[in-house]
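Data first, discussion second: the structure below is written as structure tokens.
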Amino acid sequence: MKEYIDLLSKNPLFKGIDKGDIGFLLDCLSAKTKTYYKDEPIFEAGSRPEYVGIVLSGSAFVLQEDYWGNRNILSNIGVGGIFGEAFSCAEAAALPVSVIAKEDSVILLINVKKILTICSTACAFHTSLIMNLMRILANKNRYLTRKIEHITKKTTREKVLSFLSECAVQGGKNTFEIEFNRQELADYLSVERSALSAVLSKMKEEGIIDYYKNTFRLTDKK
């Protein structure tokens with residue numbers, strides 16, 4: 001765990017907590033690490049949500065699958081990303097989503113009850129942890145709201161433009177790299193991959209965008 005202390009010290013869950021105290025805090029929380037291999041479920045839909053997960057290495061997807069196996073990617077979680085907190089805090093009976101390792105990954109797992117319950121030693125960290133967790137939940141709600149804005153657009157073209165516009169605004173420049181490959185972006189925007197590819201090619205021909213693999217550039221045209 002020691003090799004991940006620097007990473008965790010920058011994590012929003014541990015904001016305001018001294019780096020030197022994080023190891024003690026993780027012991028207090030009975031936190032554990034586990035390695036998951038590519039495409040292995042970290043959390044499975046239908047299981048009882050109990051843990052908050054933090055990606056220590058690798059990456060993961062939060063996704064929904066229907067009866068026929070069609071995927072809807074809700075979010076991509078990179079190193080330092082947090083997942084599982086909303087459903088665990090809500091004490092949901094069963095997870096409506098799955099979390100899948102996008103690649104071989106090391107995950108930190110913390111039982112949410114350990115965060116929300118003041119320990120017997122009444123350590124001073126729990127108040128900070130709870131406040132930080134509330135901020136994370138609020139920010140996650142904003143993220144999901146932005147996704148809803150993208151996927152409720154009427155056409156694939158409008159969905160793509162909405163997504164790329166957000167990426168440019170967040171990065172503060174018109175050239176940026178997205179976190180999804182083409183299939184993943186199609187799943188995220190709830191469109192067919194063929195339709196996505198056709199729209200991207202058309203907008204490139206029109207000079208609205210340019211791209212190479214996952215790097216995109218927006219122009220002033222629309």
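By convention here, the chains of the structure tokens are called A, B, ... in the order presented, each chain's residues are numbered starting at 1, and ligands are numbered starting at 1 in the order presented.
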
Report as a ChimeraX atom specification all protein, DNA and RNA residues lying within 8 Å of region 135-152 of chain A, evaluated on only C-alpha atoms, omitting residues in the same chain fewer than 2 positions from it. /A:12-13,74,85-86,131-133,154,158-160,162-163,189-190

For Asp66 (chain A), work out the shell of residues within 12 Å, counting only C-alpha atoms and skipping chain neighbours fewer than 6 positions away, then give it as a PyMOL selection string. chain A and resi 45+72-73+96-98

So that I can check the secondary structure, give me every residue of region 33-181 of chain A assigned helix (DSSP H, G or I) by backbone DSSP, as a PyMOL selection string. chain A and resi 85-89+112-116+125-151+156-171

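Computed from the coordinates, the CA of Glu91 (chain A) to CA of Leu8 (chain A) distance equals 25.1 Å.
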
Identify, on the basis of only C-alpha atoms, every residue whose closest approach to Gly81 (chain A) does not exceed 7 Å; exclude the query and any residue fewer than 4 positions from it along the same chain; express the result as a PDB file with C-alpha atoms, in the first residue's frame.
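Produced file part-v3.pdb, reproduced below:
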```
ATOM      1  CA  ILE A  54     -10.450   3.745  -6.062  1.00  0.00           C
ATOM      2  CA  VAL A  55      -8.346   2.882  -9.122  1.00  0.00           C
ATOM      3  CA  ILE A  77     -12.503   5.649 -14.568  1.00  0.00           C
TER       4      ILE A  77
END
```

At a cut-off of 7 Å, using only C-alpha atoms, what residues contact region 29-43 of chain A? Leave out same-chain residues fewer than 6 positions from it and give the result as a ChimeraX atom specification. /A:98-110,114-115

Ser128 (chain A): which residues within 8 Å, counting only C-alpha atoms, same-chain residues fewer than 2 positions away excluded, as a ChimeraX atom specification? /A:14-17,124-126,130-132

Those selected residues, please, written with N, CA, C and O atoms and delivered as a short mmCIF file (atom, residue, chain, number, x, y, z; two decimals), in the first residue's frame.
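Saved file out24.cif follows:
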```cif
data_model
loop_
_atom_site.label_atom_id
_atom_site.label_comp_id
_atom_site.auth_asym_id
_atom_site.auth_seq_id
_atom_site.Cartn_x
_atom_site.Cartn_y
_atom_site.Cartn_z
N PHE A 14 -9.39 12.05 0.22
CA PHE A 14 -8.44 12.29 1.31
C PHE A 14 -7.98 13.74 1.37
O PHE A 14 -6.96 14.05 1.98
N LYS A 15 -8.76 14.62 0.76
CA LYS A 15 -8.42 16.05 0.78
C LYS A 15 -8.38 16.57 2.23
O LYS A 15 -9.27 16.28 3.04
N GLY A 16 -7.34 17.34 2.56
CA GLY A 16 -7.23 17.91 3.89
C GLY A 16 -6.64 16.97 4.92
O GLY A 16 -6.52 17.34 6.10
N ILE A 17 -6.24 15.77 4.51
CA ILE A 17 -5.64 14.79 5.42
C ILE A 17 -4.16 14.67 5.09
O ILE A 17 -3.78 14.49 3.93
N ALA A 124 -9.72 11.77 14.20
CA ALA A 124 -10.15 13.08 13.70
C ALA A 124 -10.40 13.10 12.20
O ALA A 124 -10.85 14.10 11.66
N PHE A 125 -10.14 11.98 11.53
CA PHE A 125 -10.22 11.98 10.07
C PHE A 125 -11.62 11.78 9.53
O PHE A 125 -11.90 12.13 8.39
N HIS A 126 -12.50 11.19 10.32
CA HIS A 126 -13.79 10.79 9.77
C HIS A 126 -14.65 11.97 9.31
O HIS A 126 -15.36 11.88 8.31
N ILE A 130 -16.11 12.22 5.52
CA ILE A 130 -17.53 12.32 5.20
C ILE A 130 -17.80 13.56 4.36
O ILE A 130 -18.55 13.51 3.37
N MET A 131 -17.19 14.68 4.72
CA MET A 131 -17.37 15.91 3.93
C MET A 131 -16.83 15.72 2.51
O MET A 131 -17.46 16.15 1.53
N ASN A 132 -15.67 15.08 2.40
CA ASN A 132 -15.08 14.84 1.08
C ASN A 132 -15.96 13.92 0.25
O ASN A 132 -16.13 14.12 -0.96
#
```

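In this model, the gap between CA of Val52 (chain A) and CA of Val112 (chain A) comes to 6.0 Å.
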
From a DSSP calculation on the backbone, collect every residue of region 56-170 of chain A in strand (DSSP E) and output the set as a PyMOL selection string. chain A and resi 56-57+60-65+71-77+82-83+98-101+105-111
